[in-house]
Amino acid sequence: MADLASLVAARLQPAFDALEVGADPVVRPSDRADFQANGALGLAKRLKRTPRDVAADVVAAAALDDLCSTVEIAGPGFVNLTLRDDVLAGLVAAVACDDRLGVPVAAKSETVVVDYSAPNVAKEMHVGHLRTTIIGDALVRILGHVGHTVIRENHIGDWGTPFGMLIEHLLDLGETAGAAELSMGDLNGFYQQARRKFDGDVGFADRARARVVALQAGDAETMRLWTVLVEQSAAYFQVVYERLGVLLTPGDLMGESVYNPMLAGVVEDLAAAGLLVDSDGAQCVFPPGFTNRDNEPLPLIVRKGDGGYGYAATDLATVRDRIDRVGATWLLYCVGAPQAQHLQMVWVVCEMAGWLRPPARAVHVANGSVLGADGKLLRTRAGTSLRLVDLLDEAVARAAEVLAARGGAPDGVDAAVLARQIGIGAVKYADLSTDRLRDYQFDWDRMLSFDGNTAPYLQYARARIRSIFARSGVDPLAVAGTVPTLAEPAERALARELLGFEAAVADTIDKLSPHRLCSYLFGLAGVFTAFYEACPVLKAEVSVRDGRLVLCDLTARVLRTGLDLLGIETPDRM
RNA sequence: GCGCUCGUAGCUCAAUGGAUAGAGCAUUUGACUACGGAUCAAAAGGUUAGGGGUUCGAGUCCCUUCGAGCGCGCCA
C-alpha cells in the first residue's frame, strides 16, 4: 500500500522531470481538496514564468484523469487535486482487508536500541521517569510494528559511589529488614536515611567509602550485598512497569555495572588514539565546539583524578557496545532535555574515536518536564518529588470516580479493570499527545475528560463503534470486502481520513514524536463523529449499510491499533 | 558570561517553508423522543512575545531584544 500523497507525487514526477530544473513535486494533504501540489511555485522563478503557467503545464503532462475527479489550479499556483470517489472507495476497501491497515513494513529493517526509563537502584521512581518511560515505550512499539528489530535497554543506575553508603545502610538495618523495606517500595526513606547518616555520621561515612573501594575491587561479600540491593530494586521497578503497562522486563536491564569491565579498554583506546589529555589530574577528552563558563574548552572527564571512572566512561562504553556487540545502526536515547550537552559530547568523542560512524547514528529523543497547575515542576503539596506509583494509583482512583459519575461500568464489565484502563491510558495519552520537547501541564480533570484530545475520548469513540456491531448482531467479517459507496460527504471525508493512518505512522517515526499519531487519531475520531451524526448506519438500506459498516469497523480498528502503538489499552465496552 | 530548549485564542495544546494559523475546554446562541444525550451544530475569540533579515511565500529558517526553564570538571 503506497502512501496516497506519494502516489500522486509519482504521477507528477515525469512532468517535473520534463521541465529539467531538478525540482520534485511537493504533494501534501489539504483541507481545500484531497491533496495540494505546490512544487510549481518554486519552479516558476527559475523558469522565469508565472507559477500558474508552470502548474498548468505540469497538470497537462501528468494525465491524472484515472486518479482524480477534479484538478484545479488555484491561488498563486497551487494545484488542488480531488481523488475520484471510486478510487478512494477502492483504496478504503483494500485497507479494510489489510491486517496492517495500510501501514507497510519498512523497506530497510534496522536494528534500533531504545534506551529509556533508567531509574536508579535503591531510589524511588518519580514523575521524572514518567515521560522517558512512556515515550520510549511508544517508540519501541511503533518501530517494532513497522518491522525494525528493536532492542530495549534500561540503563539503570546500579553503580557508583552512592552504593557504599547504601550497602552500609542495608547492613545497619539488617539484611532481611532492609530488603523488606526496599521491596515494599519505600525507597525514598531508604535512600534518604543512608544519605543523612553519610552526611552526619563520620564513622558511617568512612565505612561507606571503604565499602566503595571493596565494591570496585569485586569483594565477594560486598558484591553479594550489592546484588541484594539491585535485585530488590529490579523487582520493584517491574511492579511499576506492569502497573504502567510498558514492555520493559528484567531482561532489558542494562545497568551501568554491565559496562564496568569495558571501561579500562575504553580509556586505553582513547589514549592510543591520542585523544586523552591530563587535566588537573583527570583524564579528559576535549571535543571541539564545547566551552565552559570561562570560555575555555570543556572536558569530557573519562577518568577522575582519584583513578575512578566517571559516568562519561560508561556512556562511551555503552555506545561502543550497542554498535559493536548489538549491531545497532540507530541509537535512541529517551532522556530528559537537560542532558543534551552531555550526550552531544559523548557522541562527538565516539565519532573522534571512530566508534560511532555511519550508518550508525545516535539521536537524543529529548523530553521536557511535567509541570503542575502552578507551572512549576510537578511535586507533592509538601514539595517533595511525587512517587510514580502514587501518581498511578491516583489516576486509577480518579478514573473510577469519573466512571461512577457516568453511571458505572456496563453490565458484565469489571469496573476495577476498566478504571485502570481509563486511568493509566489517560496519564499516558496526556504525556504522549504533547510535543515531547515541550514541558506540559499535568491536569487530572482535563486528561480524564471524555471530551477533547484525551485517551478516554478515543477509547469511548471506539467502544461506541463496537456497540454498533454488538447491537446489530452483524459480524464485521460478514461485510468485509464491501466497497463503500461514499455518496455522502461525511462518508467520503471519513474514507480519506482512514487512508491517512499510514502517513501518520510514518510521520511519527520521522519525527520520533508520538504526538503526531495522537493528533491523527483525535482527528479521525472527530471525522468519524461527523459521519456518525450525518449517516445512519443500521437504519440505512442494506447496500449502503454494509459499506458504512466497513467504514465503522475500519475506524474502530485504526483507533485500536493506533492506541495499541501508543501503549494504551482499548476496552470493548465502557 | 557561554550554550541548549521554549514563548501561538482567556486556559491547555496543534500546525513538512505554502493560500484565510487550527482543535479541545471555558463563553454565547441554537437543534433534537435519541443507530450510546455526559450528544450535535454554529458564533465569538489572534499584530504567532517585540524588532530586523532571507524567500515568490515565514508561527516555522537566520540575526537581535525581552521573558521562562535548564545545563556548563572529576554526581548520573
# chains A, B, ... in the order shown; residues from 1 in each chain; ligands from 1
$ residues_around --residues "A49 in chain B" --least-positions-apart "4" --cutoff "9 Å" --atoms "only C-alpha atoms (C1' of nucleotides)" --output "VMD selection string"
chain B and resid 7 66 to 67
$ write_last_selection --atoms "C-alpha atoms (C1' of nucleotides)" --output "compact mmCIF listing (two decimals), in the first residue's frame"
# COMPACT_ATOMS: atom_id res chain seq x y z
C1' G B 7 7.22 31.62 24.07
C1' C B 66 12.66 40.71 26.07
C1' G B 67 10.65 36.77 29.09
$ interface_residues --of "chain B" --to "chain A" --cutoff "6 Å" --atoms "only C-alpha atoms (C1' of nucleotides)" --output "PyMOL selection string"
chain B and resi 2+24+35+70-72+74
$ write_last_selection --atoms "N, CA and C atoms (P, O5', C5', C4', C3', O3' and C1' of nucleotides)" --output "PDB file, in the first residue's frame"
ATOM      1  P     C B   2      27.546  35.966  26.282  1.00  0.00           P
ATOM      2  O5'   C B   2      27.893  34.428  26.152  1.00  0.00           O
ATOM      3  C5'   C B   2      29.111  34.009  25.539  1.00  0.00           C
ATOM      4  C4'   C B   2      29.226  32.502  25.601  1.00  0.00           C
ATOM      5  C3'   C B   2      28.044  31.732  25.047  1.00  0.00           C
ATOM      6  O3'   C B   2      28.050  31.639  23.634  1.00  0.00           O
ATOM      7  C1'   C B   2      28.632  30.820  27.129  1.00  0.00           C
ATOM      8  P     G B  24     -13.382  21.484  18.461  1.00  0.00           P
ATOM      9  O5'   G B  24     -12.969  21.116  19.950  1.00  0.00           O
ATOM     10  C5'   G B  24     -12.745  19.758  20.311  1.00  0.00           C
ATOM     11  C4'   G B  24     -12.081  19.687  21.661  1.00  0.00           C
ATOM     12  C3'   G B  24     -12.745  20.505  22.759  1.00  0.00           C
ATOM     13  O3'   G B  24     -13.845  19.823  23.330  1.00  0.00           O
ATOM     14  C1'   G B  24     -10.432  20.938  22.782  1.00  0.00           C
ATOM     15  P     C B  35     -30.436   7.467  17.254  1.00  0.00           P
ATOM     16  O5'   C B  35     -29.724   6.185  17.877  1.00  0.00           O
ATOM     17  C5'   C B  35     -30.434   4.969  17.984  1.00  0.00           C
ATOM     18  C4'   C B  35     -29.648   3.870  17.327  1.00  0.00           C
ATOM     19  C3'   C B  35     -28.198   3.738  17.781  1.00  0.00           C
ATOM     20  O3'   C B  35     -28.116   3.022  18.985  1.00  0.00           O
ATOM     21  C1'   C B  35     -28.318   3.600  15.423  1.00  0.00           C
ATOM     22  P     C B  70      14.878  25.772  36.449  1.00  0.00           P
ATOM     23  O5'   C B  70      15.848  24.961  35.483  1.00  0.00           O
ATOM     24  C5'   C B  70      15.503  23.647  35.074  1.00  0.00           C
ATOM     25  C4'   C B  70      16.426  23.170  33.990  1.00  0.00           C
ATOM     26  C3'   C B  70      17.904  23.190  34.321  1.00  0.00           C
ATOM     27  O3'   C B  70      18.278  22.112  35.161  1.00  0.00           O
ATOM     28  C1'   C B  70      17.580  24.022  32.139  1.00  0.00           C
ATOM     29  P     G B  71      19.702  22.080  35.855  1.00  0.00           P
ATOM     30  O5'   G B  71      20.605  21.493  34.688  1.00  0.00           O
ATOM     31  C5'   G B  71      21.943  21.792  34.665  1.00  0.00           C
ATOM     32  C4'   G B  71      22.536  21.475  33.322  1.00  0.00           C
ATOM     33  C3'   G B  71      24.000  21.857  33.269  1.00  0.00           C
ATOM     34  O3'   G B  71      24.788  20.763  33.696  1.00  0.00           O
ATOM     35  C1'   G B  71      22.871  22.917  31.509  1.00  0.00           C
ATOM     36  P     C B  72      25.687  20.951  34.969  1.00  0.00           P
ATOM     37  O5'   C B  72      26.908  21.768  34.355  1.00  0.00           O
ATOM     38  C5'   C B  72      27.666  21.204  33.293  1.00  0.00           C
ATOM     39  C4'   C B  72      28.454  22.251  32.575  1.00  0.00           C
ATOM     40  C3'   C B  72      29.343  23.123  33.455  1.00  0.00           C
ATOM     41  O3'   C B  72      30.544  22.458  33.815  1.00  0.00           O
ATOM     42  C1'   C B  72      28.205  24.480  31.899  1.00  0.00           C
ATOM     43  P     C B  74      33.244  18.701  39.469  1.00  0.00           P
ATOM     44  O5'   C B  74      33.218  17.193  39.959  1.00  0.00           O
ATOM     45  C5'   C B  74      32.701  16.144  39.162  1.00  0.00           C
ATOM     46  C4'   C B  74      33.757  15.119  38.863  1.00  0.00           C
ATOM     47  C3'   C B  74      34.430  14.479  40.074  1.00  0.00           C
ATOM     48  O3'   C B  74      33.704  13.358  40.503  1.00  0.00           O
ATOM     49  C1'   C B  74      36.008  14.985  38.343  1.00  0.00           C
TER      50        C B  74
END
$ closest_residue --among "A:Ala15, A:Ala23, A:Leu371, A:Val483" --to "Val58 in chain A" --atoms "only C-alpha atoms"
A:Ala15
$ atom_distance --atom1 "CA of Thr384 in chain A" --atom2 "CA of Phe190 in chain A"
15.1 Å
$ select_by_dssp --residues "range 290-473 of chain A" --states "strand (DSSP E or B)" --output "PyMOL selection string"
chain A and resi 291+297+300-303+309+330-333+336+361-364+367+370-371+377+379+385+387+440-441
$ write_last_selection --atoms "N, CA and C atoms" --output "tab-separated table (two decimals), in the first residue's frame"
chain	number	residue	atom	x	y	z
A	291	THR	N	32.50	24.71	25.28
A	291	THR	CA	33.25	25.56	26.20
A	291	THR	C	32.52	25.69	27.52
A	297	PRO	N	37.93	25.40	26.81
A	297	PRO	CA	37.45	24.10	26.31
A	297	PRO	C	36.84	23.27	27.43
A	300	LEU	N	35.38	16.23	28.58
A	300	LEU	CA	34.58	15.06	28.95
A	300	LEU	C	35.51	14.25	29.84
A	301	ILE	N	35.18	14.18	31.13
A	301	ILE	CA	36.07	13.52	32.08
A	301	ILE	C	35.85	12.02	32.03
A	302	VAL	N	36.82	11.33	31.50
A	302	VAL	CA	36.69	9.89	31.32
A	302	VAL	C	37.17	9.15	32.57
A	303	ARG	N	38.23	9.69	33.14
A	303	ARG	CA	38.76	9.06	34.35
A	303	ARG	C	39.06	10.16	35.36
A	309	TYR	N	36.40	5.66	37.37
A	309	TYR	CA	35.79	6.00	36.09
A	309	TYR	C	34.50	6.78	36.33
A	330	TRP	N	20.98	2.38	14.89
A	330	TRP	CA	20.17	3.53	15.30
A	330	TRP	C	20.10	3.49	16.83
A	331	LEU	N	20.69	4.48	17.47
A	331	LEU	CA	20.69	4.53	18.93
A	331	LEU	C	19.76	5.65	19.38
A	332	LEU	N	18.67	5.28	20.04
A	332	LEU	CA	17.74	6.29	20.53
A	332	LEU	C	17.92	6.45	22.03
A	333	TYR	N	18.14	7.67	22.47
A	333	TYR	CA	18.28	7.98	23.88
A	333	TYR	C	17.06	8.77	24.34
A	336	GLY	N	15.85	13.10	29.36
A	336	GLY	CA	15.42	14.48	29.53
A	336	GLY	C	16.31	15.47	28.81
A	361	ARG	N	24.00	5.92	13.87
A	361	ARG	CA	23.87	7.30	14.37
A	361	ARG	C	23.08	7.26	15.65
A	362	ALA	N	23.35	8.28	16.48
A	362	ALA	CA	22.68	8.37	17.78
A	362	ALA	C	21.76	9.58	17.77
A	363	VAL	N	20.60	9.43	18.38
A	363	VAL	CA	19.62	10.52	18.42
A	363	VAL	C	19.15	10.72	19.86
A	364	HIS	N	19.14	11.96	20.28
A	364	HIS	CA	18.61	12.28	21.60
A	364	HIS	C	17.11	12.54	21.47
A	367	ASN	N	12.99	14.96	26.10
A	367	ASN	CA	11.65	15.31	26.55
A	367	ASN	C	11.72	16.43	27.59
A	370	VAL	N	7.30	17.60	33.34
A	370	VAL	CA	5.89	17.58	33.70
A	370	VAL	C	5.67	18.66	34.75
A	371	LEU	N	4.77	19.58	34.45
A	371	LEU	CA	4.53	20.70	35.35
A	371	LEU	C	3.20	20.56	36.06
A	377	LEU	N	7.60	22.47	38.33
A	377	LEU	CA	7.74	21.02	38.31
A	377	LEU	C	6.71	20.36	39.23
A	379	ARG	N	5.09	18.36	41.88
A	379	ARG	CA	5.58	17.83	43.15
A	379	ARG	C	4.39	17.58	44.07
A	385	SER	N	9.39	15.22	45.70
A	385	SER	CA	9.10	14.66	44.39
A	385	SER	C	8.01	13.59	44.53
A	387	ARG	N	6.00	10.31	43.98
A	387	ARG	CA	6.27	8.91	43.63
A	387	ARG	C	5.41	8.49	42.46
A	440	TYR	N	4.87	20.08	29.75
A	440	TYR	CA	3.40	20.09	29.68
A	440	TYR	C	2.81	20.09	31.07
A	441	GLN	N	1.59	20.63	31.12
A	441	GLN	CA	0.93	20.84	32.40
A	441	GLN	C	0.04	19.65	32.72
$ closest_residue --among "A:Val112, A:Ala122, A:Leu247, A:Leu275" --to "Leu229 in chain A" --atoms "only C-alpha atoms"
A:Ala122
$ decode --residues "range 332-371 of chain A" --atoms "N, CA and C atoms" --output "PDB file, in the first residue's frame"
ATOM      1  N   LEU A 332      18.668   5.282  20.038  1.00  0.00           N
ATOM      2  CA  LEU A 332      17.740   6.295  20.530  1.00  0.00           C
ATOM      3  C   LEU A 332      17.917   6.445  22.032  1.00  0.00           C
ATOM      4  N   TYR A 333      18.135   7.672  22.469  1.00  0.00           N
ATOM      5  CA  TYR A 333      18.278   7.976  23.885  1.00  0.00           C
ATOM      6  C   TYR A 333      17.058   8.766  24.338  1.00  0.00           C
ATOM      7  N   CYS A 334      16.140   8.098  25.015  1.00  0.00           N
ATOM      8  CA  CYS A 334      14.975   8.787  25.543  1.00  0.00           C
ATOM      9  C   CYS A 334      15.352   9.316  26.919  1.00  0.00           C
ATOM     10  N   VAL A 335      15.834  10.516  26.923  1.00  0.00           N
ATOM     11  CA  VAL A 335      16.424  11.112  28.116  1.00  0.00           C
ATOM     12  C   VAL A 335      15.975  12.571  28.172  1.00  0.00           C
ATOM     13  N   GLY A 336      15.848  13.102  29.363  1.00  0.00           N
ATOM     14  CA  GLY A 336      15.422  14.483  29.532  1.00  0.00           C
ATOM     15  C   GLY A 336      16.315  15.475  28.807  1.00  0.00           C
ATOM     16  N   ALA A 337      15.717  16.588  28.431  1.00  0.00           N
ATOM     17  CA  ALA A 337      16.415  17.616  27.675  1.00  0.00           C
ATOM     18  C   ALA A 337      17.696  18.135  28.348  1.00  0.00           C
ATOM     19  N   PRO A 338      17.754  18.231  29.680  1.00  0.00           N
ATOM     20  CA  PRO A 338      18.953  18.790  30.302  1.00  0.00           C
ATOM     21  C   PRO A 338      20.246  18.039  29.974  1.00  0.00           C
ATOM     22  N   GLN A 339      20.122  16.791  29.551  1.00  0.00           N
ATOM     23  CA  GLN A 339      21.341  16.028  29.281  1.00  0.00           C
ATOM     24  C   GLN A 339      21.854  16.190  27.857  1.00  0.00           C
ATOM     25  N   ALA A 340      21.255  17.109  27.122  1.00  0.00           N
ATOM     26  CA  ALA A 340      21.597  17.272  25.706  1.00  0.00           C
ATOM     27  C   ALA A 340      23.096  17.477  25.496  1.00  0.00           C
ATOM     28  N   GLN A 341      23.664  18.406  26.255  1.00  0.00           N
ATOM     29  CA  GLN A 341      25.070  18.723  26.023  1.00  0.00           C
ATOM     30  C   GLN A 341      25.980  17.540  26.358  1.00  0.00           C
ATOM     31  N   HIS A 342      25.675  16.877  27.446  1.00  0.00           N
ATOM     32  CA  HIS A 342      26.488  15.718  27.820  1.00  0.00           C
ATOM     33  C   HIS A 342      26.464  14.655  26.717  1.00  0.00           C
ATOM     34  N   LEU A 343      25.271  14.347  26.228  1.00  0.00           N
ATOM     35  CA  LEU A 343      25.157  13.329  25.191  1.00  0.00           C
ATOM     36  C   LEU A 343      25.889  13.750  23.915  1.00  0.00           C
ATOM     37  N   GLN A 344      25.739  15.019  23.563  1.00  0.00           N
ATOM     38  CA  GLN A 344      26.432  15.507  22.358  1.00  0.00           C
ATOM     39  C   GLN A 344      27.943  15.320  22.502  1.00  0.00           C
ATOM     40  N   MET A 345      28.443  15.636  23.675  1.00  0.00           N
ATOM     41  CA  MET A 345      29.890  15.494  23.898  1.00  0.00           C
ATOM     42  C   MET A 345      30.316  14.034  23.794  1.00  0.00           C
ATOM     43  N   VAL A 346      29.536  13.165  24.393  1.00  0.00           N
ATOM     44  CA  VAL A 346      29.858  11.735  24.340  1.00  0.00           C
ATOM     45  C   VAL A 346      29.902  11.258  22.890  1.00  0.00           C
ATOM     46  N   TRP A 347      28.917  11.689  22.112  1.00  0.00           N
ATOM     47  CA  TRP A 347      28.855  11.207  20.733  1.00  0.00           C
ATOM     48  C   TRP A 347      29.969  11.775  19.871  1.00  0.00           C
ATOM     49  N   VAL A 348      30.307  13.043  20.127  1.00  0.00           N
ATOM     50  CA  VAL A 348      31.411  13.635  19.364  1.00  0.00           C
ATOM     51  C   VAL A 348      32.697  12.869  19.661  1.00  0.00           C
ATOM     52  N   VAL A 349      32.912  12.536  20.924  1.00  0.00           N
ATOM     53  CA  VAL A 349      34.104  11.778  21.290  1.00  0.00           C
ATOM     54  C   VAL A 349      34.072  10.394  20.625  1.00  0.00           C
ATOM     55  N   CYS A 350      32.886   9.788  20.584  1.00  0.00           N
ATOM     56  CA  CYS A 350      32.764   8.479  19.935  1.00  0.00           C
ATOM     57  C   CYS A 350      33.063   8.572  18.442  1.00  0.00           C
ATOM     58  N   GLU A 351      32.684   9.684  17.838  1.00  0.00           N
ATOM     59  CA  GLU A 351      32.998   9.878  16.424  1.00  0.00           C
ATOM     60  C   GLU A 351      34.501  10.069  16.245  1.00  0.00           C
ATOM     61  N   MET A 352      35.102  10.857  17.153  1.00  0.00           N
ATOM     62  CA  MET A 352      36.547  11.089  17.078  1.00  0.00           C
ATOM     63  C   MET A 352      37.309   9.767  17.212  1.00  0.00           C
ATOM     64  N   ALA A 353      36.774   8.888  18.063  1.00  0.00           N
ATOM     65  CA  ALA A 353      37.445   7.605  18.299  1.00  0.00           C
ATOM     66  C   ALA A 353      37.098   6.582  17.222  1.00  0.00           C
ATOM     67  N   GLY A 354      36.153   6.938  16.345  1.00  0.00           N
ATOM     68  CA  GLY A 354      35.772   6.019  15.272  1.00  0.00           C
ATOM     69  C   GLY A 354      34.791   4.945  15.700  1.00  0.00           C
ATOM     70  N   TRP A 355      34.213   5.093  16.881  1.00  0.00           N
ATOM     71  CA  TRP A 355      33.267   4.081  17.360  1.00  0.00           C
ATOM     72  C   TRP A 355      31.868   4.320  16.824  1.00  0.00           C
ATOM     73  N   LEU A 356      31.559   5.587  16.635  1.00  0.00           N
ATOM     74  CA  LEU A 356      30.241   5.945  16.111  1.00  0.00           C
ATOM     75  C   LEU A 356      30.438   6.470  14.697  1.00  0.00           C
ATOM     76  N   ARG A 357      30.032   5.656  13.732  1.00  0.00           N
ATOM     77  CA  ARG A 357      30.291   6.011  12.335  1.00  0.00           C
ATOM     78  C   ARG A 357      29.114   5.556  11.499  1.00  0.00           C
ATOM     79  N   PRO A 358      28.847   6.228  10.380  1.00  0.00           N
ATOM     80  CA  PRO A 358      27.726   5.818   9.538  1.00  0.00           C
ATOM     81  C   PRO A 358      27.865   4.368   9.123  1.00  0.00           C
ATOM     82  N   PRO A 359      26.754   3.644   8.958  1.00  0.00           N
ATOM     83  CA  PRO A 359      25.380   4.145   9.018  1.00  0.00           C
ATOM     84  C   PRO A 359      24.852   4.316  10.445  1.00  0.00           C
ATOM     85  N   ALA A 360      25.644   3.939  11.449  1.00  0.00           N
ATOM     86  CA  ALA A 360      25.139   4.096  12.813  1.00  0.00           C
ATOM     87  C   ALA A 360      25.052   5.569  13.187  1.00  0.00           C
ATOM     88  N   ARG A 361      24.004   5.925  13.867  1.00  0.00           N
ATOM     89  CA  ARG A 361      23.872   7.297  14.367  1.00  0.00           C
ATOM     90  C   ARG A 361      23.082   7.263  15.653  1.00  0.00           C
ATOM     91  N   ALA A 362      23.350   8.277  16.485  1.00  0.00           N
ATOM     92  CA  ALA A 362      22.680   8.372  17.778  1.00  0.00           C
ATOM     93  C   ALA A 362      21.759   9.585  17.770  1.00  0.00           C
ATOM     94  N   VAL A 363      20.596   9.432  18.379  1.00  0.00           N
ATOM     95  CA  VAL A 363      19.617  10.517  18.420  1.00  0.00           C
ATOM     96  C   VAL A 363      19.149  10.716  19.858  1.00  0.00           C
ATOM     97  N   HIS A 364      19.135  11.959  20.279  1.00  0.00           N
ATOM     98  CA  HIS A 364      18.606  12.281  21.597  1.00  0.00           C
ATOM     99  C   HIS A 364      17.111  12.537  21.465  1.00  0.00           C
ATOM    100  N   VAL A 365      16.305  11.589  21.907  1.00  0.00           N
ATOM    101  CA  VAL A 365      14.857  11.775  21.922  1.00  0.00           C
ATOM    102  C   VAL A 365      14.528  12.496  23.225  1.00  0.00           C
ATOM    103  N   ALA A 366      14.751  13.802  23.196  1.00  0.00           N
ATOM    104  CA  ALA A 366      14.672  14.592  24.427  1.00  0.00           C
ATOM    105  C   ALA A 366      13.224  14.844  24.821  1.00  0.00           C
ATOM    106  N   ASN A 367      12.993  14.957  26.099  1.00  0.00           N
ATOM    107  CA  ASN A 367      11.652  15.314  26.555  1.00  0.00           C
ATOM    108  C   ASN A 367      11.720  16.429  27.588  1.00  0.00           C
ATOM    109  N   GLY A 368      10.668  17.220  27.589  1.00  0.00           N
ATOM    110  CA  GLY A 368      10.542  18.299  28.556  1.00  0.00           C
ATOM    111  C   GLY A 368      10.014  17.771  29.876  1.00  0.00           C
ATOM    112  N   SER A 369       9.646  18.668  30.755  1.00  0.00           N
ATOM    113  CA  SER A 369       9.237  18.288  32.106  1.00  0.00           C
ATOM    114  C   SER A 369       7.723  18.239  32.252  1.00  0.00           C
ATOM    115  N   VAL A 370       7.299  17.598  33.337  1.00  0.00           N
ATOM    116  CA  VAL A 370       5.889  17.575  33.701  1.00  0.00           C
ATOM    117  C   VAL A 370       5.666  18.661  34.748  1.00  0.00           C
ATOM    118  N   LEU A 371       4.768  19.584  34.451  1.00  0.00           N
ATOM    119  CA  LEU A 371       4.533  20.702  35.345  1.00  0.00           C
ATOM    120  C   LEU A 371       3.198  20.561  36.060  1.00  0.00           C
TER     121      LEU A 371
END
